[in-house]
$ cat query-v8.csv   # CSV, C-alpha atoms and all ligand atoms
chain,number,residue,atom,x,y,z
A,2,MET,CA,14.5,-3.3,2.3
A,3,HIS,CA,15.1,-3.8,-1.4
A,4,GLY,CA,18.4,-2.0,-1.5
A,5,ASP,CA,20.0,-4.1,1.1
A,6,ARG,CA,20.9,-7.0,-1.1
A,7,GLY,CA,24.4,-8.2,-1.2
A,8,PRO,CA,27.6,-6.3,-2.0
A,9,ALA,CA,26.0,-3.7,-4.3
A,10,ALA,CA,24.2,-2.2,-1.2
A,11,SER,CA,26.9,0.3,-0.5
A,12,ARG,CA,26.5,2.0,-3.9
A,13,VAL,CA,22.8,1.5,-4.1
A,14,ALA,CA,21.2,4.3,-6.1
A,15,ALA,CA,17.9,5.9,-5.2
A,16,SER,CA,14.9,7.1,-7.1
A,17,ARG,CA,11.8,8.9,-5.9
A,18,LEU,CA,8.1,9.4,-6.3
A,19,ALA,CA,7.1,12.9,-5.4
A,20,PRO,CA,3.4,13.5,-5.5
A,21,SER,CA,2.0,16.9,-4.7
A,22,PRO,CA,-1.3,16.6,-2.7
A,23,THR,CA,-2.7,19.6,-4.5
A,24,GLY,CA,-5.1,17.3,-6.5
A,25,ALA,CA,-5.9,13.8,-7.4
A,26,GLN,CA,-3.5,11.5,-9.2
A,27,HIS,CA,-4.7,10.5,-12.6
A,28,LEU,CA,-3.7,8.2,-15.5
A,29,GLY,CA,-0.9,10.4,-16.7
A,30,ASN,CA,0.8,10.6,-13.3
A,31,ALA,CA,0.3,6.8,-12.9
A,32,ARG,CA,2.2,6.0,-16.0
A,33,THR,CA,5.2,8.2,-15.0
A,34,TYR,CA,5.2,6.8,-11.4
A,35,LEU,CA,5.1,3.2,-12.8
A,36,VAL,CA,8.1,3.9,-15.1
A,37,ALA,CA,10.0,5.4,-12.1
A,38,TYR,CA,9.1,2.3,-10.1
A,39,TRP,CA,10.2,-0.2,-12.8
A,40,SER,CA,13.4,1.6,-13.4
A,41,ALA,CA,14.3,1.7,-9.7
A,42,ARG,CA,13.4,-2.0,-9.2
A,43,ALA,CA,15.3,-3.0,-12.3
A,44,ALA,CA,18.4,-1.2,-11.0
A,45,ASN,CA,17.9,-2.7,-7.5
A,46,ALA,CA,17.8,0.9,-6.2
A,47,GLN,CA,16.0,2.4,-3.3
A,48,LEU,CA,12.6,3.9,-4.1
A,49,ILE,CA,11.6,6.9,-1.9
A,50,LEU,CA,8.1,8.3,-1.6
A,51,ARG,CA,8.1,12.0,-0.7
A,52,ILE,CA,5.0,14.1,-0.2
A,53,GLU,CA,5.5,17.6,-1.7
A,54,ASP,CA,3.0,19.5,0.3
A,55,ILE,CA,4.7,22.9,0.7
A,56,ASP,CA,2.1,24.7,-1.5
A,57,SER,CA,-0.2,24.9,1.5
A,58,PRO,CA,-3.0,27.0,0.0
A,59,ARG,CA,-3.4,24.5,-2.8
A,60,VAL,CA,-3.0,21.3,-0.7
A,61,LYS,CA,-6.3,19.4,-0.6
A,62,PRO,CA,-7.3,17.6,2.6
A,63,GLY,CA,-6.9,13.9,2.2
A,64,ALA,CA,-5.0,14.1,-1.0
A,65,SER,CA,-1.7,12.7,0.5
A,66,GLU,CA,-3.5,9.6,1.8
A,67,GLN,CA,-5.3,9.3,-1.5
A,68,ALA,CA,-2.0,9.4,-3.4
A,69,VAL,CA,-0.5,6.7,-1.2
A,70,ALA,CA,-3.6,4.5,-1.7
A,71,ASP,CA,-3.5,5.1,-5.5
A,72,LEU,CA,0.2,4.1,-5.8
A,73,ARG,CA,-0.3,1.0,-3.6
A,74,TRP,CA,-3.3,0.1,-5.7
A,75,LEU,CA,-1.1,0.1,-8.8
A,76,GLY,CA,1.2,-2.4,-7.1
A,77,ILE,CA,4.0,0.1,-6.5
A,78,GLU,CA,6.1,-0.5,-3.5
A,79,TRP,CA,8.6,1.9,-1.9
A,80,ASP,CA,11.5,1.4,0.5
A,81,GLN,CA,11.3,4.7,2.3
A,82,GLY,CA,8.4,7.1,2.8
A,83,PRO,CA,6.1,8.7,5.4
A,84,ASP,CA,4.3,5.5,6.0
A,85,VAL,CA,7.3,3.2,6.2
A,86,GLY,CA,10.0,5.5,7.6
A,87,GLY,CA,13.6,5.3,6.6
A,88,PRO,CA,17.1,6.9,7.1
A,89,HIS,CA,16.2,10.2,5.6
A,90,ALA,CA,12.9,10.9,7.4
A,91,PRO,CA,10.9,13.0,7.5
A,92,TYR,CA,9.5,12.4,4.0
A,93,VAL,CA,6.9,15.2,4.0
A,94,GLN,CA,8.2,18.5,2.8
A,95,THR,CA,6.3,20.7,5.4
A,96,ARG,CA,8.4,18.9,8.0
A,97,ARG,CA,11.7,19.6,6.3
A,98,THR,CA,11.7,23.4,6.3
A,99,ARG,CA,14.9,23.7,8.4
A,100,PHE,CA,16.9,22.1,5.6
A,101,TYR,CA,15.5,24.6,3.1
A,102,ASP,CA,16.3,27.5,5.4
A,103,GLU,CA,19.9,26.3,5.8
A,104,ALA,CA,20.4,26.0,2.0
A,105,LEU,CA,18.9,29.5,1.6
A,106,GLN,CA,21.3,31.0,4.1
A,107,ARG,CA,24.2,29.5,2.1
A,108,LEU,CA,22.9,30.9,-1.2
A,109,ILE,CA,22.5,34.3,0.5
A,110,GLU,CA,26.0,34.2,1.8
A,111,GLN,CA,27.3,33.3,-1.7
A,112,ASP,CA,25.4,36.2,-3.2
A,113,SER,CA,23.7,33.7,-5.5
A,114,VAL,CA,20.3,35.1,-4.7
A,115,TYR,CA,18.7,38.6,-4.3
A,116,PRO,CA,15.5,39.9,-2.6
A,117,CYS,CA,12.9,40.6,-5.3
A,118,THR,CA,9.9,42.8,-4.5
A,119,CYS,CA,8.2,42.4,-7.8
A,120,THR,CA,4.6,41.2,-7.3
A,121,ARG,CA,4.6,38.7,-10.1
A,122,ARG,CA,2.5,35.7,-10.5
A,123,ASP,CA,5.6,33.4,-10.6
A,124,ILE,CA,6.3,34.3,-7.0
A,125,GLU,CA,2.8,33.4,-6.0
A,126,THR,CA,2.9,30.1,-7.8
A,127,ALA,CA,6.5,29.2,-7.0
A,128,ALA,CA,5.6,26.7,-4.3
A,129,SER,CA,4.4,24.3,-6.9
A,130,ALA,CA,6.3,22.7,-9.8
A,131,PRO,CA,5.6,24.7,-13.0
A,132,HIS,CA,3.9,22.2,-15.3
A,133,VAL,CA,3.0,23.0,-18.9
A,134,GLY,CA,1.2,26.3,-19.1
A,135,ASP,CA,2.5,27.4,-15.7
A,136,GLU,CA,5.8,29.0,-16.9
A,137,GLY,CA,5.3,32.7,-16.7
A,138,PRO,CA,7.1,35.4,-18.7
A,139,ILE,CA,10.9,35.7,-18.3
A,140,TYR,CA,11.8,37.8,-15.3
A,141,PRO,CA,13.5,41.0,-16.6
A,142,GLY,CA,16.0,41.3,-13.6
A,143,THR,CA,14.5,44.4,-12.1
A,144,CYS,CA,15.8,43.6,-8.6
A,145,ALA,CA,19.1,42.0,-9.6
A,146,LEU,CA,21.3,45.0,-8.7
A,147,TRP,CA,21.0,44.1,-5.0
A,148,ARG,CA,24.3,42.7,-3.6
A,149,ARG,CA,24.9,40.9,-0.4
A,150,GLY,CA,25.3,43.3,2.5
A,151,HIS,CA,22.8,45.8,1.1
A,152,SER,CA,19.8,46.4,3.3
A,153,LEU,CA,16.8,44.2,2.9
A,154,PRO,CA,13.3,45.3,2.0
A,155,GLU,CA,10.6,45.0,4.6
A,156,PHE,CA,10.0,41.3,5.6
A,157,GLY,CA,7.1,39.8,3.7
A,158,SER,CA,7.5,42.1,0.8
A,159,TYR,CA,10.1,40.1,-1.1
A,160,CYS,CA,11.0,36.6,-2.3
A,161,TRP,CA,14.6,35.4,-2.8
A,162,ARG,CA,15.4,35.0,-6.5
A,163,PHE,CA,18.3,33.0,-7.9
A,164,ARG,CA,20.8,34.7,-10.3
A,165,SER,CA,20.8,32.3,-13.2
A,166,ARG,CA,23.8,32.0,-15.4
A,167,SER,CA,24.2,33.7,-18.7
A,168,THR,CA,26.3,30.9,-20.3
A,169,PRO,CA,24.8,27.7,-21.9
A,170,LEU,CA,23.9,24.8,-19.7
A,171,SER,CA,23.4,21.2,-21.0
A,172,PHE,CA,22.4,17.9,-19.7
A,173,GLU,CA,21.8,14.5,-21.2
A,174,ASP,CA,18.3,13.3,-20.5
A,175,THR,CA,17.9,9.5,-20.4
A,176,LEU,CA,14.9,9.7,-22.5
A,177,ALA,CA,14.7,13.1,-24.2
A,178,GLY,CA,18.4,13.2,-25.1
A,179,GLN,CA,20.7,16.2,-25.0
A,180,GLN,CA,19.1,19.3,-23.6
A,181,THR,CA,20.7,22.8,-23.8
A,182,CYS,CA,19.6,26.3,-22.8
A,183,THR,CA,21.0,29.6,-21.6
A,184,PRO,CA,19.2,29.9,-18.3
A,185,GLN,CA,19.5,33.7,-17.9
A,186,THR,CA,18.0,34.5,-21.3
A,187,ASP,CA,15.8,31.5,-21.9
A,188,LEU,CA,14.4,31.0,-18.5
A,189,GLY,CA,15.3,34.1,-16.4
A,190,ASP,CA,16.1,34.3,-12.7
A,191,PHE,CA,13.7,32.3,-10.7
A,192,PRO,CA,12.2,32.4,-7.2
A,193,ILE,CA,13.5,30.0,-4.6
A,194,THR,CA,11.2,31.2,-1.8
A,195,ARG,CA,7.8,32.8,-1.5
A,196,LYS,CA,7.3,36.2,0.0
A,197,THR,CA,6.7,34.5,3.4
A,198,GLY,CA,10.3,33.3,3.2
A,199,GLU,CA,9.2,29.7,2.8
A,200,ALA,CA,11.0,27.5,0.3
A,201,ALA,CA,9.6,27.3,-3.2
A,202,TYR,CA,9.4,24.1,-5.3
A,203,GLN,CA,12.9,24.5,-7.0
A,204,LEU,CA,14.8,24.9,-3.7
A,205,ALA,CA,12.9,22.2,-1.8
A,206,VAL,CA,13.1,19.6,-4.5
A,207,VAL,CA,16.9,20.0,-4.9
A,208,VAL,CA,17.6,20.1,-1.1
A,209,ASP,CA,15.5,16.9,-0.6
A,210,ASP,CA,16.8,15.0,-3.6
A,211,ALA,CA,20.4,15.7,-2.5
A,212,ALA,CA,19.7,14.9,1.2
A,213,MET,CA,17.9,11.7,0.3
A,214,GLY,CA,20.7,10.5,-2.0
A,215,VAL,CA,18.5,10.5,-5.0
A,216,THR,CA,20.6,9.5,-8.1
A,217,GLU,CA,17.8,9.2,-10.7
A,218,VAL,CA,14.8,11.6,-11.2
A,219,VAL,CA,12.0,10.3,-13.3
A,220,ARG,CA,9.2,12.7,-14.0
A,221,GLY,CA,7.0,14.2,-16.7
A,222,ASN,CA,8.7,16.0,-19.5
A,223,ASP,CA,6.8,19.2,-18.8
A,224,LEU,CA,9.5,19.8,-16.1
A,225,ILE,CA,12.5,19.9,-18.4
A,226,ALA,CA,12.8,23.7,-18.0
A,227,SER,CA,12.9,23.2,-14.2
A,228,THR,CA,15.7,20.7,-14.5
A,229,PHE,CA,18.0,23.5,-15.8
A,230,ARG,CA,17.1,25.6,-12.7
A,231,GLN,CA,17.7,22.7,-10.4
A,232,LEU,CA,21.0,21.9,-12.0
A,233,GLU,CA,22.0,25.5,-11.2
A,234,LEU,CA,21.0,25.0,-7.6
A,235,TYR,CA,22.9,21.7,-7.4
A,236,ASP,CA,26.0,23.6,-8.6
A,237,ALA,CA,25.6,26.5,-6.3
A,238,LEU,CA,25.0,24.3,-3.3
A,239,GLY,CA,27.9,21.9,-4.2
A,240,PHE,CA,25.6,18.8,-4.5
A,241,ALA,CA,26.1,16.1,-7.1
A,242,PRO,CA,23.1,16.1,-9.5
A,243,PRO,CA,21.1,13.0,-10.3
A,244,THR,CA,20.4,11.8,-13.8
A,245,PHE,CA,17.1,12.9,-15.2
A,246,ALA,CA,14.6,10.9,-17.3
A,247,HIS,CA,11.7,13.0,-18.5
A,248,VAL,CA,8.8,10.8,-19.5
A,249,PRO,CA,6.5,12.0,-22.3
A,250,LEU,CA,3.2,13.2,-21.1
A,251,VAL,CA,-0.2,11.5,-21.7
A,252,VAL,CA,-2.4,13.9,-23.7
A,253,GLY,CA,-6.0,13.9,-24.8
A,254,THR,CA,-7.1,13.7,-28.4
A,255,ASP,CA,-6.7,17.5,-28.7
A,256,GLY,CA,-3.0,17.1,-28.0
A,257,ARG,CA,-3.2,18.8,-24.6
A,258,ARG,CA,-2.0,17.4,-21.3
A,259,LEU,CA,-4.6,15.1,-19.8
A,260,ALA,CA,-6.9,17.2,-17.6
A,261,LYS,CA,-10.5,17.5,-16.3
A,262,ARG,CA,-11.8,18.6,-19.7
A,263,HIS,CA,-10.9,15.2,-21.1
A,264,GLY,CA,-13.1,13.3,-18.6
A,265,ASP,CA,-12.5,11.8,-15.2
A,266,THR,CA,-9.1,10.0,-15.3
A,267,ARG,CA,-8.5,10.1,-11.5
A,268,LEU,CA,-7.1,6.8,-10.3
A,269,SER,CA,-9.4,6.9,-7.3
A,270,GLN,CA,-12.4,7.0,-9.7
A,271,TYR,CA,-11.2,3.8,-11.5
A,272,ARG,CA,-10.6,2.2,-8.1
A,273,GLU,CA,-14.0,3.1,-6.8
A,274,ALA,CA,-15.6,1.9,-10.0
A,275,GLY,CA,-14.2,-1.6,-9.2
A,276,MET,CA,-11.7,-1.6,-12.0
A,277,CYS,CA,-8.7,-3.8,-11.9
A,278,PRO,CA,-5.4,-2.0,-11.6
A,279,ILE,CA,-3.7,-4.6,-13.8
A,280,GLU,CA,-5.4,-3.0,-16.8
A,281,ILE,CA,-3.7,0.3,-16.0
A,282,VAL,CA,-0.4,-1.3,-15.4
A,283,HIS,CA,-0.7,-3.2,-18.7
A,284,TRP,CA,-1.7,0.0,-20.6
A,285,ALA,CA,1.2,1.9,-19.1
A,286,ALA,CA,3.7,-0.8,-19.9
A,287,SER,CA,2.5,-1.3,-23.5
A,288,THR,CA,2.3,2.4,-24.3
A,289,ALA,CA,5.8,2.7,-22.9
A,290,GLY,CA,6.9,0.0,-25.3
A,291,LEU,CA,7.9,-2.4,-22.5
A,292,ILE,CA,5.5,-5.3,-23.3
A,293,SER,CA,3.8,-6.4,-26.4
A,294,GLU,CA,1.6,-9.3,-25.3
A,295,PRO,CA,-2.1,-8.7,-24.6
A,296,LEU,CA,-3.2,-9.2,-21.1
A,297,GLY,CA,-4.2,-12.8,-20.4
A,298,PRO,CA,-7.3,-13.7,-18.4
A,299,THR,CA,-5.2,-15.3,-15.6
A,300,ASP,CA,-2.4,-12.7,-15.3
A,301,ASP,CA,-2.0,-11.2,-11.9
A,302,ILE,CA,-0.6,-7.8,-11.1
A,303,ALA,CA,2.4,-9.0,-9.1
A,304,ASN,CA,3.5,-11.3,-11.9
A,305,LEU,CA,3.0,-8.6,-14.5
A,306,GLN,CA,5.0,-6.1,-12.4
A,307,ARG,CA,7.8,-8.7,-12.0
A,308,GLN,CA,7.8,-9.4,-15.8
A,309,ILE,CA,8.0,-5.7,-16.7
A,310,ILE,CA,10.8,-5.1,-14.1
A,311,ARG,CA,12.8,-8.1,-15.5
A,312,GLU,CA,12.5,-6.7,-19.0
A,313,PHE,CA,12.9,-3.0,-18.2
A,314,ARG,CA,15.6,-1.1,-20.2
A,315,TRP,CA,15.6,2.6,-20.7
A,316,GLU,CA,16.5,2.1,-24.4
A,317,ALA,CA,13.2,0.3,-24.9
A,318,VAL,CA,11.1,3.0,-23.4
A,319,SER,CA,9.1,5.0,-25.9
A,320,ARG,CA,10.0,8.6,-26.5
A,321,GLU,CA,6.5,9.4,-27.9
A,322,THR,CA,3.7,11.4,-26.4
A,323,VAL,CA,0.8,9.1,-25.6
A,324,MET,CA,-2.6,10.2,-26.9
A,325,ILE,CA,-5.7,8.8,-25.4
A,326,ASP,CA,-9.4,9.3,-25.4
A,327,PRO,CA,-10.4,8.5,-21.8
A,328,SER,CA,-14.0,8.0,-22.6
A,329,SER,CA,-13.2,5.1,-24.9
A,330,MET,CA,-10.7,3.5,-22.6
A,331,LYS,CA,-12.0,0.2,-21.4
A,332,PHE,CA,-10.4,-0.4,-18.0
B,401,LIG,N1,5.7,17.4,-6.7
B,401,LIG,C1,5.9,17.7,-8.1
B,401,LIG,C2,4.6,17.5,-8.9
B,401,LIG,O1,3.8,16.7,-8.6
B,401,LIG,C3,6.9,16.8,-8.7
B,401,LIG,C4,8.1,17.5,-9.1
B,401,LIG,C5,9.3,16.6,-9.4
B,401,LIG,O2,9.2,15.4,-9.7
B,401,LIG,O3,10.4,17.2,-9.3
B,401,LIG,O4,4.4,18.3,-9.7

$ encode --input "query-v8.csv" --output "structure tokens"
Amino acid sequence: MHGDRGPAASRVAASRLAPSPTGAQHLGNARTYLVAYWSARAANAQLILRIEDIDSPRVKPGASEQAVADLRWLGIEWDQGPDVGGPHAPYVQTRRTRFYDEALQRLIEQDSVYPCTCTRRDIETAASAPHVGDEGPIYPGTCALWRRGHSLPEFGSYCWRFRSRSTPLSFEDTLAGQQTCTPQTDLGDFPITRKTGEAAYQLAVVVDDAAMGVTEVVRGNDLIASTFRQLELYDALGFAPPTFAHVPLVVGTDGRRLAKRHGDTRLSQYREAGMCPIEIVHWAASTAGLISEPLGPTDDIANLQRQIIREFRWEAVSRETVMIDPSSMKF
């Protein structure tokens, strides 16, 4: 395994790729996964693949296998994951529910959460990470008067909601710089389970990242608000938080996050059309500011990956949003 190299192995850090099989992986995801991969390899850290499939109604059949194939196609290799095993197995969230239940019990005992019977959209959608446009209105605290020991509403009629703090919280993002907000007023109390009692995204991701020893989280910058919530959970559960690097999103020419309306940017579509993944890797590295040379006709993907990893430095990574017109991209 990559982490087991010499004396540094005992303090080897870990990073992760956490695809949700709720849809296809596209160009925007690819770029973020590649940056996570390069950073992990450059730091000689473990890279973990974790399948975030707890949003069962939205999980698409075959999407996990597709995500694994897409990542491998890009030349990304991981040290731990559902297909290769590892010390923190299982690497599929639907098989880790006992860990989420344990953490929930601790939060209940600490009175850090309360049962919320409000039928709001944020409870229904809580199983998935809230990407841009998914953040609902701030919860007004209707159910927050409940205290530990009070009787519970009927099972199935409530989610558990986390009492967020009313004092400012800051973190230093590797790419986005200093981030500060006051969780209670800026974001509101947030659900950590669904009404079925199953863990929601915020709880599952923190429990897993902590259990798997993840020390660096690299993901799209539309999840910065969630990082504040996750930092609160790290604190409440007594886990040491990782560092966070939120990578700017890829947007279409209208400035909006790359989506279906911009054309088909699914990696599987490029793969099936016989495109060469080296073009995507080269595009990702040059838009990230990590290489400047054009692609040579004899370059191969393994060499290109090695070159990028050798030269990878967070200080060099671009902080700019990347705008593309998929229809004019010549992969
Ligand atoms: N599974 C999440 C998603 O694909 C990733 C969230 C995270 O990186 O924390 O939206």

$ residues_near_ligand --input "query-v8.csv" --ligand "ligand LIG 401 (chain B)" --cutoff "10 Å" --atoms "all atoms listed in the file" --output "PyMOL selection string"
chain A and resi 17-24+26+30+33-34+51-56+94+128-132+202-203+205-207+210+218-225+227-228+231+245+247

$ atom_distance --input "query-v8.csv" --atom1 "atom CA of Arg230 of chain A" --atom2 "atom CA of Thr194 of chain A"
13.6 Å

$ atom_distance --input "query-v8.csv" --atom1 "atom CA of Leu234 of chain A" --atom2 "atom CA of Pro88 of chain A"
23.6 Å

$ closest_residue --input "query-v8.csv" --among "A:Cys119, A:Gly264, A:Ile279, A:Trp39" --to "Thr299 of chain A" --atoms "all atoms listed in the file"
A:Ile279

$ residues_near_point --input "query-v8.csv" --point "(14.9, -1.8, -11.9)" --cutoff "10 Å" --atoms "all atoms listed in the file" --output "ChimeraX atom specification"
/A:36-48,307,309-315

$ atom_distance --input "query-v8.csv" --atom1 "atom CA of Ala15 of chain A" --atom2 "atom CA of Leu50 of chain A"
10.7 Å

$ closest_residue --input "query-v8.csv" --among "A:Val215, A:Ala127, A:Ile292, A:Tyr115" --to "Ser152 of chain A" --atoms "only C-alpha atoms"
A:Tyr115

$ residues_near_point --input "query-v8.csv" --point "(25.1, 27.5, -12.5)" --cutoff "10 Å" --atoms "only C-alpha atoms" --output "MDAnalysis selection string"
chainID A and resid 113 163:170 184:185 229:238

$ residues_around --input "query-v8.csv" --residues "Gln106 of chain A" --least-positions-apart "2" --cutoff "12 Å" --atoms "all atoms listed in the file" --output "list in words"
Arg99, Phe100, Tyr101, Asp102, Glu103, Ala104, Leu108, Ile109, Glu110, Gln111, Asp112, Ser113, Val114, Tyr115, Arg149, Trp161, Ile193, Thr194, Gly198, Ala200, Leu204 and Leu238 of chain A

$ closest_residue --input "query-v8.csv" --among "A:Val323, A:Cys117, A:Gly76, A:Asn304" --to "Cys277 of chain A" --atoms "all atoms listed in the file"
A:Gly76

$ closest_residue --input "query-v8.csv" --among "A:Arg262, A:Pro243, A:Ser57, A:Gly297" --to "Thr197 of chain A" --atoms "all atoms listed in the file"
A:Ser57

$ residues_around --input "query-v8.csv" --residues "Arg97 of chain A" --least-positions-apart "6" --cutoff "9 Å" --atoms "all atoms listed in the file" --output "PyMOL selection string"
chain A and resi 90-91+205+209

$ closest_residue --input "query-v8.csv" --among "A:Asp174, A:Glu199, A:Asp326, A:Asp80" --to "Leu28 of chain A" --atoms "only C-alpha atoms"
A:Asp326

$ decode --input "query-v8.csv" --residues "segment 204-231 of chain A" --atoms "C-alpha atoms" --output "PDB file, in the first residue's frame"
ATOM      1  CA  LEU A 204     -23.494  12.801  10.693  1.00  0.00           C
ATOM      2  CA  ALA A 205     -22.399   9.940   8.424  1.00  0.00           C
ATOM      3  CA  VAL A 206     -19.600  11.911   6.818  1.00  0.00           C
ATOM      4  CA  VAL A 207     -18.109  13.040  10.148  1.00  0.00           C
ATOM      5  CA  VAL A 208     -18.348   9.613  11.771  1.00  0.00           C
ATOM      6  CA  ASP A 209     -16.717   7.994   8.736  1.00  0.00           C
ATOM      7  CA  ASP A 210     -13.980  10.560   8.212  1.00  0.00           C
ATOM      8  CA  ALA A 211     -13.056  10.339  11.907  1.00  0.00           C
ATOM      9  CA  ALA A 212     -13.194   6.518  12.019  1.00  0.00           C
ATOM     10  CA  MET A 213     -11.126   6.204   8.851  1.00  0.00           C
ATOM     11  CA  GLY A 214      -8.450   8.589  10.128  1.00  0.00           C
ATOM     12  CA  VAL A 215      -9.056  11.128   7.374  1.00  0.00           C
ATOM     13  CA  THR A 216      -6.812  14.151   7.921  1.00  0.00           C
ATOM     14  CA  GLU A 217      -7.533  16.064   4.717  1.00  0.00           C
ATOM     15  CA  VAL A 218     -10.900  16.595   3.042  1.00  0.00           C
ATOM     16  CA  VAL A 219     -10.801  17.852  -0.540  1.00  0.00           C
ATOM     17  CA  ARG A 220     -14.195  18.577  -2.108  1.00  0.00           C
ATOM     18  CA  GLY A 221     -16.153  21.163  -4.078  1.00  0.00           C
ATOM     19  CA  ASN A 222     -16.495  24.636  -2.597  1.00  0.00           C
ATOM     20  CA  ASP A 223     -20.272  24.392  -2.594  1.00  0.00           C
ATOM     21  CA  LEU A 224     -19.903  22.386   0.625  1.00  0.00           C
ATOM     22  CA  ILE A 225     -18.246  25.124   2.697  1.00  0.00           C
ATOM     23  CA  ALA A 226     -21.441  25.728   4.685  1.00  0.00           C
ATOM     24  CA  SER A 227     -21.540  22.026   5.539  1.00  0.00           C
ATOM     25  CA  THR A 228     -17.990  22.214   6.852  1.00  0.00           C
ATOM     26  CA  PHE A 229     -19.155  24.490   9.682  1.00  0.00           C
ATOM     27  CA  ARG A 230     -21.824  21.939  10.602  1.00  0.00           C
ATOM     28  CA  GLN A 231     -19.298  19.137  10.444  1.00  0.00           C
TER      29      GLN A 231
END
